[in-house]
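Just model_0.txt here, compact mmCIF, C-alpha atoms:
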# COMPACT_ATOMS: atom_id res chain seq x y z
CA MET A 1 59.62 18.87 66.22
CA SER A 2 57.48 20.43 68.93
CA ARG A 3 56.58 18.56 72.09
CA LYS A 4 52.96 17.67 72.74
CA ASN A 5 51.17 18.33 75.99
CA LEU A 6 50.05 15.61 78.38
CA TRP A 7 46.34 15.82 77.46
CA ASP A 8 47.15 15.44 73.74
CA ALA A 9 49.21 12.34 74.59
CA ALA A 10 46.39 10.93 76.74
CA LEU A 11 43.77 11.65 74.08
CA SER A 12 45.93 9.98 71.44
CA TYR A 13 46.25 6.94 73.71
CA ALA A 14 42.47 6.87 74.36
CA CYS A 15 41.96 6.87 70.59
CA GLY A 16 44.04 3.71 70.23
CA THR A 17 47.63 4.86 69.77
CA ASP A 18 50.17 2.56 71.41
CA ALA A 19 50.88 3.96 74.91
CA ALA A 20 54.65 4.13 74.33
CA THR A 21 54.15 6.10 71.12
CA ALA A 22 51.52 8.40 72.64
CA PHE A 23 53.72 9.26 75.64
CA ALA A 24 57.08 9.31 73.84
CA GLY A 25 59.23 12.38 74.35
CA ASP A 26 58.11 13.30 77.89
CA PRO A 27 54.92 15.27 77.18
CA ILE A 28 54.60 18.74 78.69
CA ILE A 29 52.37 19.05 81.75
CA SER A 30 49.80 21.74 81.11
CA HIS A 31 46.32 22.66 82.28
CA ILE A 32 43.80 19.97 81.42
CA SER A 33 40.12 20.71 81.44
CA SER A 34 37.30 18.25 81.67
CA PRO A 35 36.87 16.37 78.36
CA THR A 36 34.94 18.47 75.88
CA ASP A 37 32.31 17.22 73.48
CA ALA A 38 34.96 17.45 70.73
CA ASP A 39 37.43 15.32 72.75
CA LEU A 40 34.80 12.67 73.40
CA GLN A 41 33.69 12.73 69.74
CA ILE A 42 37.28 11.95 68.72
CA VAL A 43 37.49 9.02 71.16
CA LEU A 44 34.10 7.64 70.10
CA SER A 45 34.95 8.01 66.40
CA ASN A 46 38.14 6.00 66.92
CA ALA A 47 36.15 3.32 68.77
CA ALA A 48 33.25 3.20 66.30
CA ASP A 49 33.70 -0.51 65.64
CA LEU A 50 33.15 -1.36 69.33
CA ASP A 51 29.82 -2.34 70.87
CA GLU A 52 27.71 0.16 72.83
CA SER A 53 28.79 -1.19 76.23
CA THR A 54 32.45 -0.66 75.32
CA LEU A 55 31.68 2.84 74.03
CA PHE A 56 30.27 3.68 77.48
CA ARG A 57 33.47 2.29 79.00
CA MET A 58 35.58 4.45 76.67
CA VAL A 59 33.78 7.61 77.79
CA HIS A 60 34.38 6.66 81.45
CA PHE A 61 37.99 5.79 80.56
CA THR A 62 38.52 9.23 79.00
CA TYR A 63 37.07 11.00 82.05
CA ALA A 64 39.34 9.00 84.36
CA LEU A 65 42.39 9.89 82.25
CA ALA A 66 41.54 13.59 82.39
CA GLY A 67 40.77 13.48 86.11
CA MET A 68 43.97 11.71 87.15
CA LEU A 69 46.45 13.77 85.12
CA PRO A 70 48.17 16.76 86.73
CA GLY A 71 46.76 20.20 86.02
CA GLY A 72 43.22 18.88 85.68
CA SER A 73 40.08 20.68 86.68
CA THR A 74 36.73 19.50 88.03
CA LEU A 75 35.15 16.99 85.67
CA VAL A 76 31.78 17.85 84.12
CA PHE A 77 29.59 16.47 81.35
CA PRO A 78 29.82 18.86 78.37
CA LYS A 79 26.87 21.26 78.35
CA ASN A 80 27.37 22.09 74.69
CA THR A 81 26.76 18.56 73.39
CA ILE A 82 25.03 18.86 70.05
CA THR A 83 22.04 16.64 69.31
CA ASP A 84 23.58 14.93 66.29
CA SER A 85 26.84 14.06 68.08
CA LYS A 86 27.91 10.50 68.92
CA LEU A 87 28.01 11.50 72.58
CA TYR A 88 24.42 12.74 72.53
CA ARG A 89 23.28 9.54 70.78
CA LEU A 90 25.09 7.45 73.41
CA TYR A 91 23.44 9.41 76.28
CA PRO A 92 20.10 10.57 74.83
CA ASP A 93 18.37 11.18 78.17
CA ARG A 94 18.98 11.62 81.89
CA PRO A 95 18.49 7.95 82.87
CA SER A 96 21.11 6.82 80.35
CA LEU A 97 23.46 9.50 81.67
CA GLU A 98 23.14 8.59 85.37
CA LEU A 99 25.94 5.98 85.43
CA LEU A 100 28.37 8.41 83.78
CA LEU A 101 27.39 11.18 86.20
CA THR A 102 28.03 8.75 89.09
CA VAL A 103 31.51 7.95 87.70
CA ILE A 104 32.24 11.68 87.27
CA ASP A 105 31.11 12.34 90.87
CA GLN A 106 33.34 9.52 92.17
CA LEU A 107 36.35 10.82 90.23
CA ASN A 108 35.75 14.37 91.48
CA ALA A 109 35.42 13.09 95.07
CA LEU A 110 38.73 11.25 94.70
CA ARG A 111 40.35 14.46 93.40
CA GLU A 112 39.15 16.25 96.55
CA THR A 113 40.15 13.59 99.09
CA CYS A 114 43.44 12.20 97.77
CA ASP A 115 46.38 14.49 98.53
CA ALA A 116 48.21 13.20 95.45
CA LEU A 117 45.57 15.00 93.37
CA PRO A 118 45.37 17.53 91.81
CA ASP A 119 48.86 18.95 92.53
CA GLY A 120 50.95 15.86 93.24
CA SER A 121 53.96 14.93 91.18
CA PHE A 122 53.53 12.83 88.02
CA GLN A 123 55.70 9.85 87.10
CA LEU A 124 55.18 7.57 84.13
CA VAL A 125 55.75 4.00 85.36
CA LYS A 126 54.98 2.03 82.19
CA ALA A 127 53.61 2.86 78.77
CA GLU A 128 53.55 -0.04 76.35
CA GLY A 129 50.94 -1.40 74.02
CA ASP A 130 47.49 -1.00 75.59
CA LEU A 131 48.87 -0.45 79.12
CA LEU A 132 49.43 2.97 80.69
CA HIS A 133 50.56 3.13 84.32
CA PHE A 134 51.51 6.35 86.10
CA THR A 135 51.72 7.55 89.66
CA ARG A 136 50.76 10.79 91.34
CA SER A 137 52.51 11.46 94.62
CA GLY A 138 51.37 13.89 97.31
CA PRO A 139 52.58 14.63 100.85
CA THR A 140 51.13 11.44 102.39
CA GLU A 141 49.55 9.41 99.56
CA ILE A 142 50.49 7.88 96.23
CA LEU A 143 47.89 7.23 93.56
CA ASP A 144 48.60 4.54 90.97
CA ALA A 145 46.51 4.98 87.83
CA ILE A 146 46.52 1.99 85.51
CA PHE A 147 44.64 2.09 82.21
CA ASN A 148 43.96 -0.69 79.72
CA ARG A 149 42.95 0.56 76.25
CA GLY A 150 42.79 -2.92 74.81
CA PRO A 151 40.31 -5.80 74.55
CA HIS A 152 42.19 -8.19 76.90
CA LEU A 153 42.59 -8.33 80.66
CA LEU A 154 46.00 -6.97 81.74
CA VAL A 155 47.93 -7.54 84.96
CA GLU A 156 50.26 -4.87 86.34
CA ASP A 157 52.30 -4.86 89.56
CA ILE A 158 52.09 -2.14 92.19
CA ASP A 159 54.73 -2.69 94.88
CA ASP A 160 54.92 -6.41 94.11
CA LYS A 161 51.14 -6.82 94.26
CA SER A 162 49.44 -7.89 91.03
CA THR A 163 46.49 -5.77 89.95
CA GLN A 164 44.12 -6.76 87.16
CA VAL A 165 42.83 -4.12 84.78
CA ASN A 166 39.78 -5.01 82.74
CA PRO A 167 39.52 -4.44 78.98
CA TYR A 168 38.85 -0.77 78.18
CA GLY A 169 39.03 -0.12 81.90
CA PHE A 170 41.12 1.44 84.61
CA THR A 171 42.15 0.85 88.19
CA LEU A 172 42.96 3.70 90.58
CA THR A 173 44.74 2.64 93.76
CA VAL A 174 45.68 4.93 96.63
CA ARG A 175 48.25 4.01 99.27
CA GLU A 176 50.08 5.82 101.99
CA HIS A 177 53.80 6.48 101.46
CA GLY A 178 55.76 3.45 102.61
CA HIS A 179 52.82 1.04 102.50
CA ASN A 180 51.77 -1.60 100.02
CA ALA A 181 48.88 -0.86 97.71
CA ASN A 182 45.94 -2.45 99.43
CA HIS A 183 43.04 -0.10 98.92
CA SER A 184 41.55 0.53 95.51
CA TYR A 185 39.31 3.55 95.45
CA TYR A 186 37.94 2.70 92.07
CA ASP A 187 38.14 -0.40 89.93
CA TYR A 188 36.14 -0.04 86.75
CA ARG A 189 34.84 -3.43 85.67

Can you turn what I pasted into C-alpha cells?
Amino acid sequence: MSRKNLWDAALSYACGTDAATAFAGDPIISHISSPTDADLQIVLSNAADLDESTLFRMVHFTYALAGMLPGGSTLVFPKNTITDSKLYRLYPDRPSLELLLTVIDQLNALRETCDALPDGSFQLVKAEGDLLHFTRSGPTEILDAIFNRGPHLLVEDIDDKSTQVNPYGFTLTVREHGHNANHSYYDYR
C-alpha cells in the first residue's frame, strides 16, 4: 500500500473523510500548490447538500488548509476556472469574489509574516472526527491550525486555553515559543 501525500490527505478531509482516517499512516510532506479548480470542484461536489453560505466557507476552509500545510506556495484563485464549474457558479463576478480574495490575501500575508510558515516543522496534534489540529513551528513562533469540517461548534485546547472553532471553519493562532496562545491572527466565523 503506497503512502499518500499531505495534500491528498487534506483534500480527503475537506471532502468529508474522518480526520483520523484521512491522516492515517503519517502522510508524506510534499510540495502543495494553491488549490486548483479541480481540487475545489471535488470539495464542492462533496458538499453539494450544503447551503450556499456553507459552500463559501468550504472554499475558504480549503484555501486555509493549503496555505497552512508545509511545502505550500502562494495562494491564488484559479485562473482556469471554467464557466460551467461549481466554483464559477459560486463566484460568478468580481463582487461575489471579493470576500474570498480578501481571505486569500490574509492567508498569504500570514505566510509572509509568521516564521513558522512556510518552512516550519509540522506536527499533527489531533485528528479525529471533524477536528484537525496541527502545529507549525519556526525559530520564534508556533502556529496552531485548527479546522472543523463538521456542522457543530468544536472546542480544542491550545496550551490549556480553550479555543472555539466554528462549523466548517478554522482558527489560526500564532504564539511565541514559551508563551500561551493569546493572539489569533485569523478566526473564521

### Query
In Å, how far is it from atom CA of Lys4 of chain A to atom CA of Phe23 of chain A?
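Between atom CA of Lys4 of chain A and atom CA of Phe23 of chain A the gap is 8.9 Å.
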
### Computed interatomic separation between atom CA of Gly72 of chain A and atom CA of Ser53 of chain A (Å)
26.5 Å

### Message
Env of segment 38-50 of chain A: 9 Å cut, atoms = all atoms listed in the file, seq-sep filter 6 positions within chain, self excluded. Answer as an NGL selection string.
### Response
:A and (11-12 or 14-16 or 58-59 or 62 or 81 or 85-87)

Could you please take those selected residues and save C-alpha atoms as a PDB file, keeping the file's coordinate frame?
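Saved to selection35.pdb:
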ATOM      1  CA  LEU A  11      43.770  11.650  74.080  1.00  0.00           C
ATOM      2  CA  SER A  12      45.930   9.980  71.440  1.00  0.00           C
ATOM      3  CA  ALA A  14      42.470   6.870  74.360  1.00  0.00           C
ATOM      4  CA  CYS A  15      41.960   6.870  70.590  1.00  0.00           C
ATOM      5  CA  GLY A  16      44.040   3.710  70.230  1.00  0.00           C
ATOM      6  CA  MET A  58      35.580   4.450  76.670  1.00  0.00           C
ATOM      7  CA  VAL A  59      33.780   7.610  77.790  1.00  0.00           C
ATOM      8  CA  THR A  62      38.520   9.230  79.000  1.00  0.00           C
ATOM      9  CA  THR A  81      26.760  18.560  73.390  1.00  0.00           C
ATOM     10  CA  SER A  85      26.840  14.060  68.080  1.00  0.00           C
ATOM     11  CA  LYS A  86      27.910  10.500  68.920  1.00  0.00           C
ATOM     12  CA  LEU A  87      28.010  11.500  72.580  1.00  0.00           C
TER      13      LEU A  87
END

#### Entry: Residue among A:Ile29, A:Ala24, A:Ala64, A:Ile146 lying closest to Asp130 of chain A, counting all atoms listed in the file
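Of A:Ile29, A:Ala24, A:Ala64, A:Ile146, the one nearest Asp130 of chain A, counting all atoms listed in the file, is A:Ile146.
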
### Message
Using only C-alpha atoms, can you tell me which of A:Leu55, A:Val174, A:Val125, A:Ala66 comes closest to Asp157 of chain A?
### Response
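For Asp157 of chain A, the nearest of the given residues is A:Val125.
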
### For Gln164 of chain A, the nearest of the candidates A:Thr74, A:Ser137, A:Thr36, A:Asn148, counting only C-alpha atoms
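Checking each of A:Thr74, A:Ser137, A:Thr36, A:Asn148 against Gln164 of chain A, counting only C-alpha atoms, the winner is A:Asn148.
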
#### Entry: Atomic distance atom CA of Leu75 of chain A - atom CA of Tyr63 of chain A, expressed in Å with one decimal
7.3 Å

### Query
Using only C-alpha atoms, which residues sit within 7 Å of Glu141 of chain A once same-chain residues fewer than 4 positions away are excluded, as a ChimeraX atom specification?
/A:114-116,137,174-177

### Message
Quick one: residues within 10 Å of Gln123 of chain A, all atoms listed in the file, excluding same-chain residues fewer than 4 positions away - as a PyMOL selection string?
### Response
chain A and resi 133-137+144

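Between Phe56 of chain A and the residues A:Asp8, A:Glu156, A:Asp105, A:Glu98, the shortest atom-to-atom distance, using all atoms listed in the file, involves A:Glu98.
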
### Residue among A:Lys161, A:Arg94, A:His31, A:Lys79 lying closest to Leu6 of chain A, counting all atoms listed in the file
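Nearest candidate to Leu6 of chain A out of A:Lys161, A:Arg94, A:His31, A:Lys79: A:His31.
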
### Which residue of A:Ile104, A:Phe77, A:Gly138, A:Pro27 approaches Tyr91 of chain A most closely, using all atoms listed in the file
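Distance minimum relative to Tyr91 of chain A lands on A:Phe77.
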
The centre and edge lengths of an axis-aligned box containing all atoms of segment 157-176 of chain A present in the file, extended by 8 Å on each side, are to be given in Å to one decimal, as AutoDock Vina command-line options.
--center_x 46.9 --center_y -1.0 --center_z 90.1 --size_x 32.1 --size_y 29.7 --size_z 39.8

### Shell around Ala19 of chain A at 6 Å using all atoms listed in the file, local window under 2 positions removed, as a PyMOL selection string
chain A and resi 13+21-22+127-129

Save segment 100-129 of chain A of the structure in the block above to a file, with N, CA and C atoms included, as a compact mmCIF listing (two decimals), in the first residue's frame.
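Saved result, decode03.txt, follows:
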# COMPACT_ATOMS: atom_id res chain seq x y z
N LEU A 100 -13.58 36.20 -0.84
CA LEU A 100 -12.58 35.14 -0.99
C LEU A 100 -11.20 35.73 -1.26
N LEU A 101 -11.11 36.73 -2.10
CA LEU A 101 -9.82 37.35 -2.40
C LEU A 101 -9.23 37.99 -1.14
N THR A 102 -10.08 38.54 -0.28
CA THR A 102 -9.62 39.11 0.99
C THR A 102 -9.05 38.00 1.88
N VAL A 103 -9.76 36.87 1.97
CA VAL A 103 -9.28 35.74 2.77
C VAL A 103 -7.94 35.24 2.21
N ILE A 104 -7.83 35.11 0.90
CA ILE A 104 -6.58 34.65 0.28
C ILE A 104 -5.45 35.63 0.61
N ASP A 105 -5.72 36.94 0.51
CA ASP A 105 -4.71 37.95 0.84
C ASP A 105 -4.27 37.84 2.30
N GLN A 106 -5.22 37.63 3.21
CA GLN A 106 -4.89 37.50 4.63
C GLN A 106 -4.05 36.25 4.89
N LEU A 107 -4.40 35.15 4.24
CA LEU A 107 -3.61 33.91 4.41
C LEU A 107 -2.21 34.08 3.84
N ASN A 108 -2.09 34.72 2.69
CA ASN A 108 -0.77 34.97 2.10
C ASN A 108 0.06 35.90 2.99
N ALA A 109 -0.57 36.92 3.58
CA ALA A 109 0.14 37.83 4.48
C ALA A 109 0.64 37.07 5.71
N LEU A 110 -0.17 36.18 6.25
CA LEU A 110 0.25 35.37 7.38
C LEU A 110 1.44 34.49 7.00
N ARG A 111 1.41 33.92 5.80
CA ARG A 111 2.53 33.08 5.34
C ARG A 111 3.82 33.90 5.25
N GLU A 112 3.71 35.18 4.96
CA GLU A 112 4.90 36.03 4.84
C GLU A 112 5.41 36.54 6.18
N THR A 113 4.52 36.69 7.18
CA THR A 113 4.92 37.31 8.44
C THR A 113 5.18 36.33 9.57
N CYS A 114 4.65 35.14 9.51
CA CYS A 114 4.81 34.16 10.57
C CYS A 114 6.01 33.27 10.25
N ASP A 115 7.01 33.23 11.14
CA ASP A 115 8.21 32.46 10.82
C ASP A 115 8.00 30.94 10.90
N ALA A 116 6.83 30.51 11.35
CA ALA A 116 6.51 29.08 11.32
C ALA A 116 6.07 28.64 9.91
N LEU A 117 5.82 29.62 9.05
CA LEU A 117 5.38 29.35 7.68
C LEU A 117 6.38 29.98 6.73
N PRO A 118 6.66 29.49 5.59
CA PRO A 118 6.18 28.21 5.05
C PRO A 118 7.08 27.02 5.38
N ASP A 119 8.26 27.26 6.04
CA ASP A 119 9.22 26.16 6.20
C ASP A 119 9.29 25.56 7.59
N GLY A 120 8.42 25.96 8.50
CA GLY A 120 8.46 25.41 9.85
C GLY A 120 8.09 23.94 9.90
N SER A 121 8.44 23.32 11.00
CA SER A 121 8.13 21.89 11.16
C SER A 121 6.62 21.69 11.24
N PHE A 122 6.18 20.48 11.01
CA PHE A 122 4.76 20.11 11.02
C PHE A 122 4.56 19.02 12.04
N GLN A 123 3.57 19.20 12.92
CA GLN A 123 3.23 18.15 13.88
C GLN A 123 1.72 18.03 13.98
N LEU A 124 1.21 16.85 13.75
CA LEU A 124 -0.21 16.58 13.90
C LEU A 124 -0.50 16.46 15.39
N VAL A 125 -1.39 17.30 15.90
CA VAL A 125 -1.74 17.29 17.32
C VAL A 125 -2.94 16.37 17.55
N LYS A 126 -3.99 16.56 16.75
CA LYS A 126 -5.19 15.73 16.90
C LYS A 126 -5.91 15.65 15.56
N ALA A 127 -6.30 14.46 15.22
CA ALA A 127 -7.12 14.23 14.03
C ALA A 127 -8.17 13.20 14.41
N GLU A 128 -9.38 13.69 14.64
CA GLU A 128 -10.47 12.76 14.98
C GLU A 128 -11.80 13.38 14.59
N GLY A 129 -12.61 12.57 13.96
CA GLY A 129 -13.92 13.04 13.52
C GLY A 129 -13.79 14.24 12.60
